[in-house]
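To start, the structure under review is shown below, and the notes come after it.
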Amino acid sequence: MSTNTASATTSKPKVVNPYAKKKSSAPSTAPAPAPAPAQQPKLPPPVDPSSTFSQAFGDYQPDANFCTEERSEQLKFDQALLVTEVNGSVATANASTAAAPKISDRDNQQYLAPHVLHVSLRQRGNPVLNHIRNVPYQESQMVPDYIFAPTRCALYLSIRYHNLHPDYIKRRMAELKSDFDLRILLLHVDVDDNAHVILALNTMCVHNNFTLILAWSEEEAARYLETFKAFDGKDASLIQKREHTNYPDQIAHVLGSVRSVNKTDASQLLTQFGTWKNLVGASVEELSVCPGVGVKKVRRLYEAFHRPFTKEGAKRRREKEKAEKLEKEKNSAQLLTKQTVAVDTEADKVNESGQFTTKAAESDEDVKC
């Protein structure tokens with residue numbers, strides 16, 4: 001038992017501590033070499049507590065040799081990764097493009113933005129596009145030539161082109177089918193002999209549910225396209241008469257129908273007379289007192305207030321005016337006749353008095369003789 005223990009003790013390897021200090025047998029008298037001074041890292045300049053970050057560290061540049069190898073390796077790795085990603089994305093895009101089916105014109109026009117005027121690729125180079133300046137437009141893949149809204153479109157045709165290709169417009173109308181509610185055929189009249197062509201196209205538009213609009217120049221055709229797009233989505237209230245709710249606006253609207261009478265005149269008249277009844281029943285002298293209303297306006301207002309609304313009334317009014325005129329002329333003639341008779345009477349009296357004076361003078365002369 002003791003023998004086995006001794007053999008195990010003698011066969012156990014000796015463990016050496018690599019970090020243990022070696023013991024020297026004799027003390028060394030030579031001085032130890034001075035350690036090399038450690039390279040001090042470059043420190044940033046002292047920081048002023050009241051300065052900002054950019055003011056404090058704006059001039060600080062780190063050591064250019066710091067981690068040079070690590071940075072070069074990282075840069076190579078990033079470049080290789082970027083090349084791999086680019087090649088993979090290009091391959092994926094090519095594969096998806098090759099696999100994706102081609103979208104038809106009718107399907108593509110369903111996804112067009114509604115805020116612009118869409119122009120078909122067939123219209124590229126049309127001089128009409130040079131005159132469209134008031135609405136934005138863009139070229140798109142679609143069936144009609146122009147799309148104003150999802151339910152409104154237009155086809156463009158010139159008579160000169162129609163004379164060369166008479167079947168073109170028939171094919172284009174057939175391609176539209178019944179996709180749009182409002183379908184316009186914008187016809188550019190660019191030839192002199194156009195009556196029979198317009199008549200035939202008008203018949204074709206009636207049969208295919210199209211609205212025919214004639215444009216006599218490229219500028220006019222562009223104005224039609226801009227107007228249809230600008231008024232898209234707006235109701236008819238823009239061209240309808242506005243209803244006036246308050247009393248002064250109603251008076252101003254009625255008086256404005258008289259020529260040269262504006263809102264200022266209407267306000268002055270309403271202030272002067274107070275009510276519509278007093279204004280209508282006013283005489284010419286009373287209307288002339290209102291400031292800002294001249295002689296012509298007074299005459300037109302008075303005629304408008306007293307003019308009959310029917311033909312029979314107008315006829316009676318003309319007859320009455322004619323009778324009054326004749327009566328006035330008759331009275332004037334009678335007055336003139338009376339004045340003439342009076343003048344003649346006075347003349348006769350003067351003559352008689354002259355003759356009496358002459359006879360008296362002659363009698364006196366005879367007495368003297």
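How things are named: the first chain in the structure tokens is A, the next is B, and so on; residues count from 1 in each chain; ligands count from 1 in the order shown.
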### Query
So which residues touch region 231-242 of chain A within 10 Å, counting only C-alpha atoms, skipping near sequence neighbours fewer than 5 positions away, as a list in words?
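Here the answer would be Pro114, His115, Phe148, Ala149, Arg152 and Glu226 of chain A.
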Worksheet entry | Per-residue DSSP, region 102-331 of chain A, filtered to alpha helix (DSSP H), as an NGL selection string | :A and (105-108 or 159-164 or 168-176 or 195-207 or 218-230 or 247-255 or 263-273 or 276-280 or 284-289 or 295-306 or 311-331)
**OP:** Name the residues of region 135-238 of chain A that fall into strand (DSSP E or B) according to DSSP on the backbone, using the chain letters and numbers of this document, as JSON, numbers by chain.
**Re:** {"A": [137, 138, 139, 140, 146, 147, 148, 149, 152, 153, 154, 155, 156, 157, 158, 182, 183, 184, 185, 186, 187, 188, 211, 212, 213, 214, 215]}
With N, CA, C and O atoms retained, could you export that selection as a short mmCIF file (atom, residue, chain, number, x, y, z; two decimals), in the first residue's frame?
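And here is the file that came out, part22.cif:
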```
data_model
loop_
_atom_site.label_atom_id
_atom_site.label_comp_id
_atom_site.auth_asym_id
_atom_site.auth_seq_id
_atom_site.Cartn_x
_atom_site.Cartn_y
_atom_site.Cartn_z
N TYR A 137 -51.20 67.68 -66.93
CA TYR A 137 -51.51 66.48 -67.70
C TYR A 137 -50.29 65.58 -67.74
O TYR A 137 -49.15 66.03 -67.55
N GLN A 138 -50.53 64.29 -67.96
CA GLN A 138 -49.45 63.32 -68.05
C GLN A 138 -49.84 62.23 -69.04
O GLN A 138 -51.02 61.93 -69.22
N GLU A 139 -48.84 61.65 -69.67
CA GLU A 139 -49.07 60.58 -70.62
C GLU A 139 -49.26 59.26 -69.88
O GLU A 139 -48.50 58.95 -68.95
N SER A 140 -50.25 58.49 -70.30
CA SER A 140 -50.59 57.25 -69.62
C SER A 140 -50.99 56.20 -70.66
O SER A 140 -51.31 56.52 -71.80
N TYR A 146 -58.07 60.92 -74.23
CA TYR A 146 -58.03 61.79 -73.05
C TYR A 146 -59.01 61.26 -72.02
O TYR A 146 -60.10 60.81 -72.37
N ILE A 147 -58.61 61.34 -70.76
CA ILE A 147 -59.48 60.95 -69.64
C ILE A 147 -59.55 62.13 -68.68
O ILE A 147 -58.53 62.57 -68.13
N PHE A 148 -60.76 62.65 -68.47
CA PHE A 148 -60.98 63.75 -67.52
C PHE A 148 -61.28 63.22 -66.12
O PHE A 148 -60.87 63.83 -65.13
N ALA A 149 -62.01 62.13 -66.04
CA ALA A 149 -62.45 61.55 -64.78
C ALA A 149 -62.69 60.06 -65.04
O ALA A 149 -62.68 59.61 -66.20
N ARG A 152 -65.47 59.98 -67.61
CA ARG A 152 -65.50 60.95 -68.70
C ARG A 152 -64.22 60.83 -69.53
O ARG A 152 -63.12 60.85 -68.97
N CYS A 153 -64.39 60.74 -70.83
CA CYS A 153 -63.24 60.59 -71.71
C CYS A 153 -63.51 61.31 -73.02
O CYS A 153 -64.62 61.82 -73.26
N ALA A 154 -62.50 61.33 -73.89
CA ALA A 154 -62.63 62.02 -75.18
C ALA A 154 -61.71 61.34 -76.19
O ALA A 154 -60.64 60.82 -75.85
N LEU A 155 -62.17 61.36 -77.44
CA LEU A 155 -61.37 60.94 -78.59
C LEU A 155 -61.09 62.17 -79.44
O LEU A 155 -61.97 63.03 -79.60
N TYR A 156 -59.89 62.24 -79.99
CA TYR A 156 -59.50 63.38 -80.82
C TYR A 156 -59.40 62.92 -82.27
O TYR A 156 -58.86 61.84 -82.57
N LEU A 157 -59.92 63.76 -83.18
CA LEU A 157 -59.89 63.43 -84.60
C LEU A 157 -59.85 64.73 -85.39
O LEU A 157 -60.54 65.69 -85.05
N SER A 158 -59.07 64.74 -86.46
CA SER A 158 -59.07 65.85 -87.41
C SER A 158 -59.69 65.37 -88.72
O SER A 158 -59.55 64.20 -89.10
N LEU A 182 -69.74 59.66 -70.09
CA LEU A 182 -69.64 60.80 -71.00
C LEU A 182 -68.50 60.54 -71.96
O LEU A 182 -67.34 60.46 -71.56
N ARG A 183 -68.83 60.42 -73.23
CA ARG A 183 -67.84 60.13 -74.28
C ARG A 183 -67.93 61.24 -75.31
O ARG A 183 -68.99 61.50 -75.87
N ILE A 184 -66.80 61.91 -75.54
CA ILE A 184 -66.74 63.10 -76.40
C ILE A 184 -65.86 62.80 -77.60
O ILE A 184 -64.78 62.21 -77.46
N LEU A 185 -66.31 63.22 -78.76
CA LEU A 185 -65.49 63.21 -79.96
C LEU A 185 -65.12 64.66 -80.28
O LEU A 185 -65.95 65.45 -80.71
N LEU A 186 -63.87 65.01 -80.01
CA LEU A 186 -63.37 66.36 -80.26
C LEU A 186 -62.84 66.41 -81.69
O LEU A 186 -61.79 65.85 -82.01
N LEU A 187 -63.58 67.06 -82.55
CA LEU A 187 -63.28 67.09 -83.99
C LEU A 187 -62.62 68.41 -84.35
O LEU A 187 -63.19 69.48 -84.14
N HIS A 188 -61.43 68.33 -84.89
CA HIS A 188 -60.70 69.52 -85.37
C HIS A 188 -61.05 69.74 -86.83
O HIS A 188 -60.70 68.93 -87.70
N THR A 211 -70.75 62.54 -77.83
CA THR A 211 -71.07 63.95 -77.97
C THR A 211 -70.05 64.59 -78.89
O THR A 211 -68.85 64.55 -78.62
N LEU A 212 -70.51 65.17 -79.98
CA LEU A 212 -69.62 65.76 -80.98
C LEU A 212 -69.38 67.23 -80.65
O LEU A 212 -70.31 68.00 -80.49
N ILE A 213 -68.11 67.62 -80.54
CA ILE A 213 -67.70 69.01 -80.29
C ILE A 213 -66.74 69.42 -81.40
O ILE A 213 -65.75 68.72 -81.65
N LEU A 214 -67.03 70.54 -82.02
CA LEU A 214 -66.22 71.03 -83.13
C LEU A 214 -65.24 72.08 -82.62
O LEU A 214 -65.62 72.99 -81.88
N ALA A 215 -64.00 71.95 -83.02
CA ALA A 215 -62.95 72.93 -82.70
C ALA A 215 -62.34 73.40 -84.01
O ALA A 215 -61.90 72.58 -84.83
#
```
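For the pair CA of Leu176 (chain A) and CA of Gln109 (chain A), the separation is 11.8 Å.
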Using only C-alpha atoms, which protein or nucleic acid residues come within 10 Å of Ser267 (chain A)? Drop anything in the same chain fewer than 3 positions from it, and give the result as an mmCIF file with N, CA and C atoms, in the first residue's frame.
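For reference, around-v9.cif as written:
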```
data_model
loop_
_atom_site.group_PDB
_atom_site.id
_atom_site.type_symbol
_atom_site.label_atom_id
_atom_site.label_comp_id
_atom_site.auth_asym_id
_atom_site.auth_seq_id
_atom_site.Cartn_x
_atom_site.Cartn_y
_atom_site.Cartn_z
ATOM 1 N N PRO A 248 -82.475 94.149 -49.298
ATOM 2 C CA PRO A 248 -81.647 95.051 -50.126
ATOM 3 C C PRO A 248 -81.063 94.364 -51.354
ATOM 4 N N ASP A 249 -80.620 93.098 -51.212
ATOM 5 C CA ASP A 249 -80.068 92.392 -52.371
ATOM 6 C C ASP A 249 -81.136 92.132 -53.426
ATOM 7 N N ILE A 251 -83.779 94.052 -54.006
ATOM 8 C CA ILE A 251 -84.022 95.340 -54.677
ATOM 9 C C ILE A 251 -82.895 95.654 -55.659
ATOM 10 N N ALA A 252 -81.649 95.421 -55.229
ATOM 11 C CA ALA A 252 -80.505 95.697 -56.109
ATOM 12 C C ALA A 252 -80.530 94.795 -57.339
ATOM 13 N N LEU A 255 -83.376 96.235 -59.700
ATOM 14 C CA LEU A 255 -82.985 97.497 -60.324
ATOM 15 C C LEU A 255 -81.781 97.335 -61.242
ATOM 16 N N ASN A 262 -76.557 100.559 -61.206
ATOM 17 C CA ASN A 262 -75.706 99.622 -60.480
ATOM 18 C C ASN A 262 -76.176 99.477 -59.037
ATOM 19 N N LYS A 263 -75.406 98.747 -58.246
ATOM 20 C CA LYS A 263 -75.771 98.486 -56.854
ATOM 21 C C LYS A 263 -75.735 99.760 -56.010
ATOM 22 N N THR A 264 -74.806 100.655 -56.315
ATOM 23 C CA THR A 264 -74.742 101.909 -55.566
ATOM 24 C C THR A 264 -75.996 102.753 -55.792
ATOM 25 N N LEU A 270 -83.079 103.079 -52.555
ATOM 26 C CA LEU A 270 -83.767 102.448 -51.442
ATOM 27 C C LEU A 270 -83.653 103.294 -50.179
ATOM 28 N N THR A 271 -82.519 103.943 -49.977
ATOM 29 C CA THR A 271 -82.364 104.829 -48.825
ATOM 30 C C THR A 271 -83.253 106.067 -48.956
ATOM 31 N N GLN A 272 -83.395 106.556 -50.186
ATOM 32 C CA GLN A 272 -84.187 107.763 -50.410
ATOM 33 C C GLN A 272 -85.687 107.520 -50.214
ATOM 34 N N GLY A 274 -87.179 104.342 -49.140
ATOM 35 C CA GLY A 274 -87.514 103.454 -48.037
ATOM 36 C C GLY A 274 -88.100 102.128 -48.445
#
```
For region 296-298 of chain A, find every residue with an atom within 7 Å (counting only C-alpha atoms), except residues of its own chain fewer than 5 positions away, and show them as a PyMOL selection string.
chain A and resi 260-261+284+287-288
d(CA of Glu286 (chain A), CA of Glu312 (chain A)) in Å: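 Separation of CA of Glu286 (chain A) and CA of Glu312 (chain A): 29.2 Å.
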- Message: Can you tell me which residues surround Ile132 (chain A) at a distance of at most 10 Å, considering only C-alpha atoms, apart from same-chain residues fewer than 5 positions away, and format the answer as an MDAnalysis selection string?
- Response: chainID A and resid 117 127 137 218:219 221:226
(request) Excluding region 199-201 of chain A and residues on its chain fewer than 2 positions from it, collect all residues at most 10 Å away from it, counting only C-alpha atoms, and give them as an MDAnalysis selection string. (result) chainID A and resid 159 162 169:170 185 187 194:197 203:207 210 212
Expected file: the selected residues, N, CA, C and O atoms, as a compact mmCIF listing (two decimals), in the first residue's frame:
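result_13.txt, freshly written:
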```txt
# COMPACT_ATOMS: atom_id res chain seq x y z
N ILE A 159 -60.38 66.27 -89.39
CA ILE A 159 -61.05 65.89 -90.63
C ILE A 159 -60.05 65.49 -91.71
O ILE A 159 -60.29 64.57 -92.50
N HIS A 162 -59.16 62.02 -91.00
CA HIS A 162 -60.32 61.15 -91.27
C HIS A 162 -60.49 60.89 -92.76
O HIS A 162 -60.90 59.79 -93.17
N ILE A 169 -61.72 56.01 -86.84
CA ILE A 169 -62.60 56.41 -85.73
C ILE A 169 -63.59 55.31 -85.40
O ILE A 169 -64.01 55.16 -84.24
N LYS A 170 -64.00 54.50 -86.38
CA LYS A 170 -64.89 53.38 -86.09
C LYS A 170 -64.21 52.37 -85.17
O LYS A 170 -64.81 51.86 -84.22
N LEU A 185 -66.31 63.22 -78.76
CA LEU A 185 -65.49 63.21 -79.96
C LEU A 185 -65.12 64.66 -80.28
O LEU A 185 -65.95 65.45 -80.71
N LEU A 187 -63.58 67.06 -82.55
CA LEU A 187 -63.28 67.09 -83.99
C LEU A 187 -62.62 68.41 -84.35
O LEU A 187 -63.19 69.48 -84.14
N ASN A 194 -66.18 70.64 -95.44
CA ASN A 194 -66.33 69.80 -94.24
C ASN A 194 -67.78 69.45 -93.93
O ASN A 194 -68.04 68.74 -92.96
N ALA A 195 -68.75 69.93 -94.70
CA ALA A 195 -70.16 69.74 -94.33
C ALA A 195 -70.56 68.27 -94.33
O ALA A 195 -71.14 67.77 -93.36
N HIS A 196 -70.24 67.54 -95.41
CA HIS A 196 -70.66 66.14 -95.50
C HIS A 196 -69.92 65.27 -94.48
O HIS A 196 -70.48 64.32 -93.95
N VAL A 197 -68.65 65.61 -94.18
CA VAL A 197 -67.89 64.83 -93.20
C VAL A 197 -68.47 65.03 -91.80
O VAL A 197 -68.64 64.07 -91.04
N THR A 203 -73.82 61.54 -87.29
CA THR A 203 -74.65 60.34 -87.28
C THR A 203 -73.95 59.19 -86.55
O THR A 203 -74.57 58.45 -85.78
N MET A 204 -72.65 59.06 -86.78
CA MET A 204 -71.90 58.01 -86.10
C MET A 204 -71.86 58.23 -84.59
O MET A 204 -71.97 57.28 -83.80
N CYS A 205 -71.75 59.48 -84.15
CA CYS A 205 -71.74 59.78 -82.72
C CYS A 205 -73.08 59.47 -82.08
O CYS A 205 -73.14 58.98 -80.94
N VAL A 206 -74.17 59.74 -82.79
CA VAL A 206 -75.50 59.44 -82.24
C VAL A 206 -75.67 57.94 -82.05
O VAL A 206 -76.21 57.48 -81.03
N HIS A 207 -75.20 57.16 -82.99
CA HIS A 207 -75.35 55.70 -82.89
C HIS A 207 -74.46 55.10 -81.81
O HIS A 207 -74.81 54.06 -81.24
N PHE A 210 -71.97 59.20 -78.42
CA PHE A 210 -70.89 60.17 -78.30
C PHE A 210 -71.46 61.58 -78.43
O PHE A 210 -72.49 61.80 -79.06
N LEU A 212 -70.51 65.17 -79.98
CA LEU A 212 -69.62 65.76 -80.98
C LEU A 212 -69.38 67.23 -80.65
O LEU A 212 -70.31 68.00 -80.49
```
